[in-house]
Structures are given as C-alpha cells and as structure tokens.
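A short worksheet on the structure shown next.
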Amino acid sequence: MVKAVVGANWGDEGKGKITDMLGQESDIIVRFQGGANAGHTIVNNYGKFALHTLPSGVFYDHTTSIIGNGVALNIPKLFEEINEVVAKGVPMPKILVSDRAQIVMSYHILFDQYEEERLGGKSFGSTKSGIAPFYSDKYAKIGFQVSEIFDDELIKEKAERVCQTKNVLLEHLYHKPLLKAEDIVKELQEYRKMVEPYVCDVSAYLYDALQNGKEVLLEGQLGSLKDPDHGIYPMVTSSSTLAAYGAIGAGIPPYEIKRIITVCKAYSSAVGAGEFVSEIFGEEADELRRRGGDGGEFGATTGRPRRMGWFDCVASRYGCRIQGATEVVLTVLDVLGYLDEIPVCVGYEIDGEVTKDFPTTAKLAKAKPVYKVLPGWKTEIRGIKNYDELPKECRDYIEFIEGELGVRISMVSNGPGRDEIIKR
Ligand code: GDP
C-alpha cells in the first residue's frame, strides 16, 4: 500500500517527524518533488537532524530511501547529508536514485542568486538553492537527467547548448562571468562517479515492490499553499507539493495512493514572502516563534525566522481538500500551552464580505482575518499518551479545528520526539 505524508499549509508543519514515525512500518520511503530548498527537522535516538534531500526514513535499517524522478537532485548535498547521518552513528542507509531524476547544477544555484539580486525587493523569497532555474530548464528541455550523464558525447553536446542560451543572460542581463561547456562536462563527470552506485529504474522497482505487498511512504515537502497551481502563485515553489504529484514524481499509478496523511500545525508559520492572512506581528509573534517547533521557528535550511500566525481554518480546509486528505495529523499542539486564549481564523473578509473559501492570490491580498477566540488550557501537555487525558480546552481546540477542516484528525503530536504522539 502507498501512503503519502503531505502538508496542508506553507510547509514546516512537522511532516518530517510524522514520516520518521511512520517509517517504522514502511519498507520504502520516497521523496517525489522539491529539492534541497526546504528541510525537515527530525529528533530521534540518534540526535537532531535537518534533512533536505534524504527522505526522513534513513534512520531505520529496514527501509529503502528513494529519490524519485520528480526531485531536484543536488548530488553534492545528497552526499553531504549521507555523510552527516553516518557520522552521527546512523547505519549507512540504503539509497536509490531514479535514473529519471534531473540534476541541480552549480549554475542553477548561481542563476537563482543573480535573479534574486536583480529583483531586489521584488524577489520571490527564493532560498537560492537553484530550484526555480532547475525546473525551468527541465521544462525547457535543457536539464540533465541522471540517465544521460553516462554518455560523454551527449553531455558535451548538451553543455554547448546550455552555454549558448545561459551566456546571453549572463552577459547582458546579469553582467556575470560566462559558463564554459568543459566545466559543465567536468561537473557532470564528477556527479556520475558519485551517483552511479545508487541509480535505479525506480518506477519498475516500485511496481515490483507493490506487487509484493510492500509498504511505501511518499514524503512531501512544503505544503498545499506552495503548490505552483493551487497555491499562492507566484509566491510558490516550482514543483507540485500535492499528494497527487506523488504518482508522477515517484512513477506509480495514482490509484495506489490509499492514505493521504495531511499534516497541519496547531498554529501557522511561513518562510519567505507571500500572502498570509492570519499573520501576527510584534511581541505576540516573537513569543510564539521563540516557543514554537523544537527550539524556535527558524528555517531548517536557511535559519531565517519564520513568519508566525494563528491557525487558519480557511487556508487549512482548502489545503486539506486540494491534497485529498484522508486524515489529518495536528502537530506542535504542546507549544500553545502558554496562552490564556487562542484566536483561530475562521473566515476571510474580502471587500466587506466574509467568506470561508480560500480565494486566488489577488483576492487573498485583500483578505482580513475573522477570528474566533478559544480558551487556552494553560498546562504542559507533553508526556500525555491518551487523548482523554488532554485538558478539556485542548480537546475542544482539536475538535473545533476538526469540525472546520471536515477531515478526521487521526493523530495529535505533542512533542518533537518520535513517540510523542497521541492516536485517536
Ligand atoms: P516539516 O518540514 O514539515 O518536516 O517541518 P519542520 O521540520 O521544518 O518543522 C517542524 C518542527 O517542529 C521541527 O523542529 C520538529 O522537531 C518540531 N516538531 C514536530 N512536531 C512537534 C510537536 O508536536 N511539538 C513540538 N514542540 N515540536 C514539534
């Protein structure tokens, strides 16, 4: 069976922890989109890790970790991460890389930086990991697929073509040093050596695995609102963040995805620019940021302070619907234990009218949050294992959100650790 773990919001919902936890009962864990631009933070018996490229299943010795074709594969970053986990005592993970994955090149990262510089204050809040230039090249058909880098003639010819178009931009738009085809070839030959032992026809591998009854987990990065089609375009990422894309980015039939476990955080946070209706500011935001996550809400990749806000039922209901959530996991609930009262955004006021439907970006920019204020529980809930032992106000908060989402909350996470989870 295939399960997907995906985010309903802007990312950082705590998917890494949930994947790590569900990894226990999985045989194969697949990353199907995104790249090294976002990260998951995982706390387990080996320590605390920030993973960007490796699936969150690498900590188990019974799982195979797969980089699917939909991923923006940054080969040096992948190996840096493998070395880091092994150095901290994790057994060498079993890793497979799709022969159809494409490679993030050093010039993609440069182009990302140059474009951010050029846009100045009007930038899209890129993490400068090369992701947008990478996916642009993939669809412009000048990307390098892993399968191609074993053919020297092919990469030489393609490197020339890449230089032709890129150098026009470098010279006239960015005024930066030009690319040389031989450097691109050298870079690819280097990558070839690194990646060769792991290359695999992943869709065929998964087909066999599913025929043999294996448990497969698809691990999403970021969340619904960062999807290029269904998110807050243009402040989105460059590959689909939706469970549906798991079928494409892993190479499996869509009907195999039986459970879409959609992760929502008990409050909101976002990195980078973009509409964020229930955002809060000042001391109120600073306190939530300081107490949030596991040691504060700061980006796992960039260290940037995350923007903070109250739980947004409008955005989260939409985020769950567009994912096709079959169940919701509500995370980081323990963090809210300091609040006397907890506002929850239940509607958007747009041009004087209140709506519960999440609009397209231009309308979203005009939306003002309509809050309902729920009582806080004012106690520490970490360590609680049974739902019934949670304070009544806390259960009311969960059940109110469940009602607004219209999807069952199957698990509540009350701490960063693997076992800090309450099943309902
Ligand atoms: P992801 O990208 O969706 O995996 O999310 P991140 O890893 O960026 O952010 C989640 C953060 O919250 C990490 O630091 C986790 O260790 C932490 N975390 C996850 N679940 C919980 C929880 O239930 N309580 C607390 N306090 N922290 C949590």
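So you can find residues: chains in the structure tokens are A, B, ... in the order shown, residues in each start at 1, and ligands are numbered from 1 in order.
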
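Near Asp12 (chain A), within a cut-off of 9 Å and counting only C-alpha atoms, sit the residues Gly7, Asn9, Lys15, Gly16, Ala38, Gly39, His40, Thr41, Gln221, Leu222, Gly223, Lys265, Ser269, Ala270, Val271, Gly293, Glu297, Gly299 and Ala300 of chain A, with same-chain residues fewer than 3 positions away left out.
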
Output the selection as a PDB file, in the first residue's frame - C-alpha atoms for each residue.
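Written output follows (again.pdb):
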ATOM      1  CA  GLY A   7       1.466  19.443   4.290  1.00  0.00           C
ATOM      2  CA  ASN A   9      -0.199  24.864   4.620  1.00  0.00           C
ATOM      3  CA  LYS A  15       5.941  16.257   8.203  1.00  0.00           C
ATOM      4  CA  GLY A  16       9.483  15.062   8.900  1.00  0.00           C
ATOM      5  CA  ALA A  38      13.366  23.141   2.326  1.00  0.00           C
ATOM      6  CA  GLY A  39      14.109  20.825   5.156  1.00  0.00           C
ATOM      7  CA  HIS A  40      12.666  18.530   7.727  1.00  0.00           C
ATOM      8  CA  THR A  41      13.804  18.564  11.302  1.00  0.00           C
ATOM      9  CA  GLN A 221       7.988  18.799   1.061  1.00  0.00           C
ATOM     10  CA  LEU A 222       6.393  22.185   1.776  1.00  0.00           C
ATOM     11  CA  GLY A 223       2.574  22.275   1.669  1.00  0.00           C
ATOM     12  CA  LYS A 265       0.374  22.592  12.628  1.00  0.00           C
ATOM     13  CA  SER A 269       4.117  29.733  10.168  1.00  0.00           C
ATOM     14  CA  ALA A 270       5.589  30.559   6.801  1.00  0.00           C
ATOM     15  CA  VAL A 271       9.024  31.271   5.388  1.00  0.00           C
ATOM     16  CA  GLY A 293       8.614  23.932  16.962  1.00  0.00           C
ATOM     17  CA  GLU A 297      10.544  28.594  14.430  1.00  0.00           C
ATOM     18  CA  GLY A 299      14.009  27.742   8.730  1.00  0.00           C
ATOM     19  CA  ALA A 300      15.694  24.311   8.678  1.00  0.00           C
TER      20      ALA A 300
END

Pull the closest atom pair for each residue of chain A that gets at most 9 Å from ligand 1, along with the distance in Å to one decimal, counting only C-alpha atoms and all ligand atoms, ordering rows by chain and then ascending residue number, as CSV.
residue,atom,partner,partner_atom_place_in_ligand_line,distance
A:Val6,CA,ligand 1,3 (O),8.0
A:Gly7,CA,ligand 1,3 (O),6.6
A:Trp10,CA,ligand 1,3 (O),9.0
A:Gly11,CA,ligand 1,3 (O),5.3
A:Asp12,CA,ligand 1,5 (O),3.2
A:Glu13,CA,ligand 1,3 (O),3.9
A:Gly14,CA,ligand 1,5 (O),3.5
A:Lys15,CA,ligand 1,3 (O),3.7
A:Gly16,CA,ligand 1,4 (O),3.4
A:Lys17,CA,ligand 1,19 (C),5.6
A:Ile18,CA,ligand 1,20 (N),7.7
A:Thr19,CA,ligand 1,4 (O),8.2
A:Ala38,CA,ligand 1,2 (O),6.8
A:Gly39,CA,ligand 1,2 (O),5.2
A:His40,CA,ligand 1,7 (O),3.7
A:Thr41,CA,ligand 1,7 (O),3.5
A:Ile42,CA,ligand 1,16 (O),5.2
A:Val43,CA,ligand 1,16 (O),5.8
A:Lys48,CA,ligand 1,16 (O),8.0
A:Phe49,CA,ligand 1,16 (O),8.8
A:Ala50,CA,ligand 1,7 (O),7.4
A:Leu51,CA,ligand 1,7 (O),8.5
A:His52,CA,ligand 1,2 (O),8.9
A:Ser56,CA,ligand 1,4 (O),8.6
A:Gly220,CA,ligand 1,3 (O),8.4
A:Gln221,CA,ligand 1,2 (O),6.3
A:Leu222,CA,ligand 1,2 (O),6.2
A:Gly223,CA,ligand 1,3 (O),8.0
A:Val263,CA,ligand 1,3 (O),7.6
A:Cys264,CA,ligand 1,3 (O),8.8
A:Lys265,CA,ligand 1,20 (N),8.1
A:Ala266,CA,ligand 1,23 (O),8.9
A:Arg291,CA,ligand 1,26 (N),8.0
A:Gly292,CA,ligand 1,26 (N),6.3
A:Gly293,CA,ligand 1,12 (O),3.5
A:Asp294,CA,ligand 1,14 (O),4.2
A:Gly295,CA,ligand 1,14 (O),6.8
A:Gly296,CA,ligand 1,14 (O),7.4
A:Glu297,CA,ligand 1,11 (C),7.2
A:Phe298,CA,ligand 1,8 (O),8.0
A:Gly299,CA,ligand 1,8 (O),6.5
A:Ala300,CA,ligand 1,8 (O),5.6
A:Thr301,CA,ligand 1,8 (O),8.6
A:Leu330,CA,ligand 1,23 (O),7.9
A:Thr331,CA,ligand 1,23 (O),4.4
A:Val332,CA,ligand 1,23 (O),3.4
A:Leu333,CA,ligand 1,23 (O),5.8
A:Asp334,CA,ligand 1,24 (N),5.7
A:Val335,CA,ligand 1,26 (N),5.5
A:Arg382,CA,ligand 1,24 (N),8.2
A:Val412,CA,ligand 1,23 (O),7.3
A:Ser413,CA,ligand 1,23 (O),3.9
A:Asn414,CA,ligand 1,23 (O),3.9
A:Gly415,CA,ligand 1,24 (N),3.3
A:Pro416,CA,ligand 1,28 (C),3.7
A:Gly417,CA,ligand 1,16 (O),7.1
A:Arg418,CA,ligand 1,20 (N),8.6
A:Glu420,CA,ligand 1,23 (O),6.9
A:Ile421,CA,ligand 1,23 (O),7.3

Notebook entry, point to check: Can you list, as a PyMOL selection string, every protein, DNA or RNA residue that comes within 12 Å of Lys122 (chain A) when you count only C-alpha atoms, leaving out same-chain residues fewer than 6 positions away?
Noted result: chain A and resi 115-116+234-235+272-274

For this session: Would you mind writing down, as number ranges by chain, each residue of region 122-303 of chain A that DSSP on the backbone assigns to alpha helix (DSSP H)?
Result: A: 131-139, 152-168, 181-195, 202-211, 243-250, 282-291

_Residues within 12 Å of Phe144 (chain A), please, as a VMD selection string. Count only C-alpha atoms; anything in the same chain fewer than 2 positions from it doesn't count._
chain A and resid 69 72 to 74 99 to 105 108 134 to 135 137 to 142 146 to 151 154 to 159 161 to 162 184 to 185 187 to 189 191 to 192

- Message: Taking the DSSP secondary structure from the backbone, can you list the residues of region 119-315 of chain A that are strand (DSSP E or B), as a ChimeraX atom specification?
- Response: /A:145,199-200,216-223,257-265,268-270,279-280,298,305,307-309,311-312

Could you save the residues just selected, with N, CA, C and O atoms, as a CSV table (one decimal), in the first residue's frame?
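File written: out-v5.csv
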chain,number,residue,atom,x,y,z
A,145,GLN,N,19.2,14.7,-17.2
A,145,GLN,CA,18.6,13.6,-16.5
A,145,GLN,C,19.8,12.6,-16.1
A,145,GLN,O,20.7,12.4,-16.8
A,199,VAL,N,22.0,4.4,-8.8
A,199,VAL,CA,21.0,4.7,-9.9
A,199,VAL,C,20.1,3.5,-10.1
A,199,VAL,O,20.6,2.3,-10.1
A,200,CYS,N,18.8,3.7,-10.3
A,200,CYS,CA,17.8,2.7,-10.3
A,200,CYS,C,16.6,3.1,-11.2
A,200,CYS,O,16.3,4.3,-11.2
A,216,VAL,N,4.8,1.5,1.1
A,216,VAL,CA,5.6,2.6,0.5
A,216,VAL,C,5.0,3.9,1.1
A,216,VAL,O,3.8,4.1,1.2
A,217,LEU,N,5.9,4.8,1.5
A,217,LEU,CA,5.6,6.1,2.0
A,217,LEU,C,6.1,7.2,1.1
A,217,LEU,O,7.3,7.2,0.8
A,218,LEU,N,5.2,8.0,0.7
A,218,LEU,CA,5.7,9.2,-0.1
A,218,LEU,C,5.8,10.4,0.8
A,218,LEU,O,4.9,10.7,1.6
A,219,GLU,N,7.0,11.0,0.8
A,219,GLU,CA,7.2,12.1,1.7
A,219,GLU,C,7.2,13.5,0.9
A,219,GLU,O,8.1,13.7,0.1
A,220,GLY,N,6.2,14.3,1.2
A,220,GLY,CA,6.1,15.6,0.6
A,220,GLY,C,6.9,16.6,1.3
A,220,GLY,O,7.3,16.5,2.4
A,221,GLN,N,7.3,17.7,0.5
A,221,GLN,CA,8.0,18.8,1.1
A,221,GLN,C,7.1,20.0,0.9
A,221,GLN,O,6.3,20.1,-0.1
A,222,LEU,N,7.2,21.0,1.8
A,222,LEU,CA,6.4,22.2,1.8
A,222,LEU,C,4.9,21.8,1.9
A,222,LEU,O,4.6,20.7,2.4
A,223,GLY,N,4.0,22.6,1.5
A,223,GLY,CA,2.6,22.3,1.7
A,223,GLY,C,1.7,22.8,0.5
A,223,GLY,O,2.2,23.5,-0.4
A,257,ILE,N,-2.3,5.2,-4.2
A,257,ILE,CA,-2.1,6.1,-3.0
A,257,ILE,C,-3.4,6.0,-2.2
A,257,ILE,O,-4.4,6.6,-2.6
A,258,LYS,N,-3.4,5.2,-1.2
A,258,LYS,CA,-4.6,4.9,-0.4
A,258,LYS,C,-4.9,5.9,0.7
A,258,LYS,O,-6.0,6.2,1.1
A,259,ARG,N,-3.8,6.3,1.4
A,259,ARG,CA,-3.9,7.2,2.5
A,259,ARG,C,-3.2,8.5,2.3
A,259,ARG,O,-2.0,8.4,1.9
A,260,ILE,N,-3.8,9.6,2.4
A,260,ILE,CA,-3.2,10.9,2.2
A,260,ILE,C,-3.2,11.6,3.6
A,260,ILE,O,-4.2,12.1,4.0
A,261,ILE,N,-2.1,11.4,4.3
A,261,ILE,CA,-2.0,11.8,5.7
A,261,ILE,C,-1.5,13.3,5.6
A,261,ILE,O,-0.4,13.6,5.2
A,262,THR,N,-2.4,14.2,5.9
A,262,THR,CA,-2.1,15.6,5.7
A,262,THR,C,-1.8,16.3,7.1
A,262,THR,O,-2.6,16.1,8.0
A,263,VAL,N,-0.7,16.9,7.1
A,263,VAL,CA,-0.2,17.4,8.4
A,263,VAL,C,-0.5,18.9,8.5
A,263,VAL,O,-0.3,19.7,7.5
A,264,CYS,N,-1.1,19.3,9.6
A,264,CYS,CA,-1.4,20.7,9.9
A,264,CYS,C,-0.7,21.0,11.3
A,264,CYS,O,-0.8,20.2,12.2
A,265,LYS,N,-0.2,22.2,11.4
A,265,LYS,CA,0.4,22.6,12.6
A,265,LYS,C,-0.7,23.3,13.4
A,265,LYS,O,-1.6,24.0,12.8
A,268,SER,N,0.1,28.8,12.7
A,268,SER,CA,0.6,28.9,11.4
A,268,SER,C,2.0,29.5,11.4
A,268,SER,O,2.4,30.2,12.3
A,269,SER,N,2.8,29.1,10.4
A,269,SER,CA,4.1,29.7,10.2
A,269,SER,C,4.4,29.6,8.7
A,269,SER,O,3.9,28.8,8.0
A,270,ALA,N,5.2,30.6,8.2
A,270,ALA,CA,5.6,30.6,6.8
A,270,ALA,C,7.0,31.2,6.7
A,270,ALA,O,7.4,32.0,7.5
A,279,GLU,N,-1.4,36.2,9.8
A,279,GLU,CA,-0.1,36.5,10.3
A,279,GLU,C,-0.2,37.4,11.5
A,279,GLU,O,-1.1,38.3,11.6
A,280,ILE,N,0.7,37.2,12.5
A,280,ILE,CA,0.7,38.1,13.7
A,280,ILE,C,2.1,38.7,13.8
A,280,ILE,O,3.1,38.2,13.1
A,298,PHE,N,12.6,28.6,13.1
A,298,PHE,CA,13.6,29.2,12.2
A,298,PHE,C,13.8,28.2,11.1
A,298,PHE,O,13.7,27.0,11.4
A,305,PRO,N,14.1,33.5,10.3
A,305,PRO,CA,13.0,33.5,11.3
A,305,PRO,C,11.7,33.3,10.5
A,305,PRO,O,11.5,33.9,9.4
A,307,ARG,N,7.7,33.5,9.6
A,307,ARG,CA,6.6,34.4,9.9
A,307,ARG,C,5.6,33.6,10.7
A,307,ARG,O,5.4,32.4,10.4
A,308,MET,N,4.9,34.2,11.7
A,308,MET,CA,4.0,33.5,12.6
A,308,MET,C,2.6,33.9,12.5
A,308,MET,O,2.3,35.1,12.1
A,309,GLY,N,1.7,33.0,12.8
A,309,GLY,CA,0.3,33.4,12.8
A,309,GLY,C,-0.6,32.4,13.5
A,309,GLY,O,-0.1,31.3,13.9
A,311,PHE,N,-3.8,29.7,13.8
A,311,PHE,CA,-4.3,28.6,12.9
A,311,PHE,C,-5.3,29.2,12.0
A,311,PHE,O,-6.2,30.0,12.4
A,312,ASP,N,-5.2,28.9,10.7
A,312,ASP,CA,-6.1,29.4,9.7
A,312,ASP,C,-7.0,28.3,9.1
A,312,ASP,O,-6.5,27.5,8.4

Got a sec: who's within 12 Å of region 354-369 of chain A, counting only C-alpha atoms, leaving out chain neighbours fewer than 3 positions off, as an mmCIF file with C-alpha atoms, in the first residue's frame?
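File produced: selection_22.cif:
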data_model
loop_
_atom_site.group_PDB
_atom_site.id
_atom_site.type_symbol
_atom_site.label_atom_id
_atom_site.label_comp_id
_atom_site.auth_asym_id
_atom_site.auth_seq_id
_atom_site.Cartn_x
_atom_site.Cartn_y
_atom_site.Cartn_z
ATOM 1 C CA ASN A 9 -0.199 24.864 4.620
ATOM 2 C CA SER A 224 -0.561 22.889 -0.389
ATOM 3 C CA LEU A 225 -0.252 26.668 -0.371
ATOM 4 C CA LYS A 226 3.166 26.481 -2.042
ATOM 5 C CA PRO A 228 2.576 26.160 -8.266
ATOM 6 C CA ASP A 229 -1.027 25.633 -9.463
ATOM 7 C CA HIS A 230 -3.149 25.539 -6.348
ATOM 8 C CA GLY A 231 -1.043 27.687 -4.033
ATOM 9 C CA ILE A 232 -0.431 31.400 -3.603
ATOM 10 C CA TYR A 233 1.099 31.922 -7.042
ATOM 11 C CA PRO A 234 3.626 33.448 -7.697
ATOM 12 C CA MET A 235 4.943 33.042 -4.131
ATOM 13 C CA VAL A 236 5.077 29.297 -4.589
ATOM 14 C CA GLY A 274 3.565 35.724 0.156
ATOM 15 C CA GLU A 275 0.027 36.202 1.384
ATOM 16 C CA PHE A 276 -0.523 35.055 4.956
ATOM 17 C CA VAL A 277 -3.884 36.264 6.242
ATOM 18 C CA SER A 278 -3.647 35.180 9.890
ATOM 19 C CA GLU A 279 -0.111 36.510 10.336
ATOM 20 C CA ILE A 280 0.734 38.130 13.675
ATOM 21 C CA GLY A 309 0.277 33.415 12.769
ATOM 22 C CA TRP A 310 -2.776 31.801 14.317
ATOM 23 C CA PHE A 311 -4.321 28.628 12.949
ATOM 24 C CA ASP A 312 -6.101 29.410 9.694
ATOM 25 C CA CYS A 313 -9.171 27.217 9.166
ATOM 26 C CA VAL A 314 -9.885 28.715 5.729
ATOM 27 C CA ALA A 315 -6.413 28.020 4.359
ATOM 28 C CA SER A 316 -6.130 24.636 6.099
ATOM 29 C CA ARG A 317 -9.536 23.353 4.947
ATOM 30 C CA TYR A 318 -8.578 24.306 1.401
ATOM 31 C CA GLY A 319 -5.111 22.821 1.896
ATOM 32 C CA CYS A 320 -6.654 19.520 3.021
ATOM 33 C CA ARG A 321 -9.186 19.472 0.189
ATOM 34 C CA ILE A 322 -6.606 20.095 -2.506
ATOM 35 C CA PRO A 343 -7.512 33.028 18.300
ATOM 36 C CA VAL A 344 -8.363 30.863 15.281
ATOM 37 C CA CYS A 345 -9.052 32.351 11.865
ATOM 38 C CA VAL A 346 -12.479 31.099 10.711
ATOM 39 C CA GLY A 347 -13.192 33.393 7.768
ATOM 40 C CA TYR A 348 -11.746 35.989 5.422
ATOM 41 C CA GLU A 349 -13.309 39.373 4.986
ATOM 42 C CA ILE A 350 -12.817 40.490 1.395
ATOM 43 C CA ASP A 351 -14.365 43.764 0.179
ATOM 44 C CA LYS A 372 -12.933 33.147 16.846
ATOM 45 C CA GLU A 404 -13.725 23.303 10.455
ATOM 46 C CA LEU A 405 -11.474 21.054 8.367
#

Inset, instruction - Would you mind listing what lies within 6 Å of region 94-98 of chain A as a ChimeraX atom specification, with only C-alpha atoms counted and same-chain residues fewer than 4 positions away left out? - result: /A:64-69,198-202

Please produce a file of those selected residues containing C-alpha atoms, as an mmCIF file, in the first residue's frame.
data_model
loop_
_atom_site.group_PDB
_atom_site.id
_atom_site.type_symbol
_atom_site.label_atom_id
_atom_site.label_comp_id
_atom_site.auth_asym_id
_atom_site.auth_seq_id
_atom_site.Cartn_x
_atom_site.Cartn_y
_atom_site.Cartn_z
ATOM 1 C CA THR A 64 14.984 1.801 1.465
ATOM 2 C CA SER A 65 15.151 5.529 0.798
ATOM 3 C CA ILE A 66 14.365 6.674 -2.706
ATOM 4 C CA ILE A 67 14.971 9.934 -4.533
ATOM 5 C CA GLY A 68 12.205 9.920 -7.136
ATOM 6 C CA ASN A 69 12.253 11.376 -10.634
ATOM 7 C CA TYR A 198 22.643 4.248 -6.488
ATOM 8 C CA VAL A 199 20.996 4.676 -9.889
ATOM 9 C CA CYS A 200 17.841 2.655 -10.349
ATOM 10 C CA ASP A 201 14.763 2.360 -12.556
ATOM 11 C CA VAL A 202 12.617 3.497 -9.646
#

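Remark: for Ser136 (chain A), the closest of the candidate residues A:Pro253, A:Phe281, A:Ser238, A:Gln164 is A:Ser238 (distances computed over only C-alpha atoms).
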
Here CA of Leu374 (chain A) and CA of Ile401 (chain A) stand apart by 10.7 Å
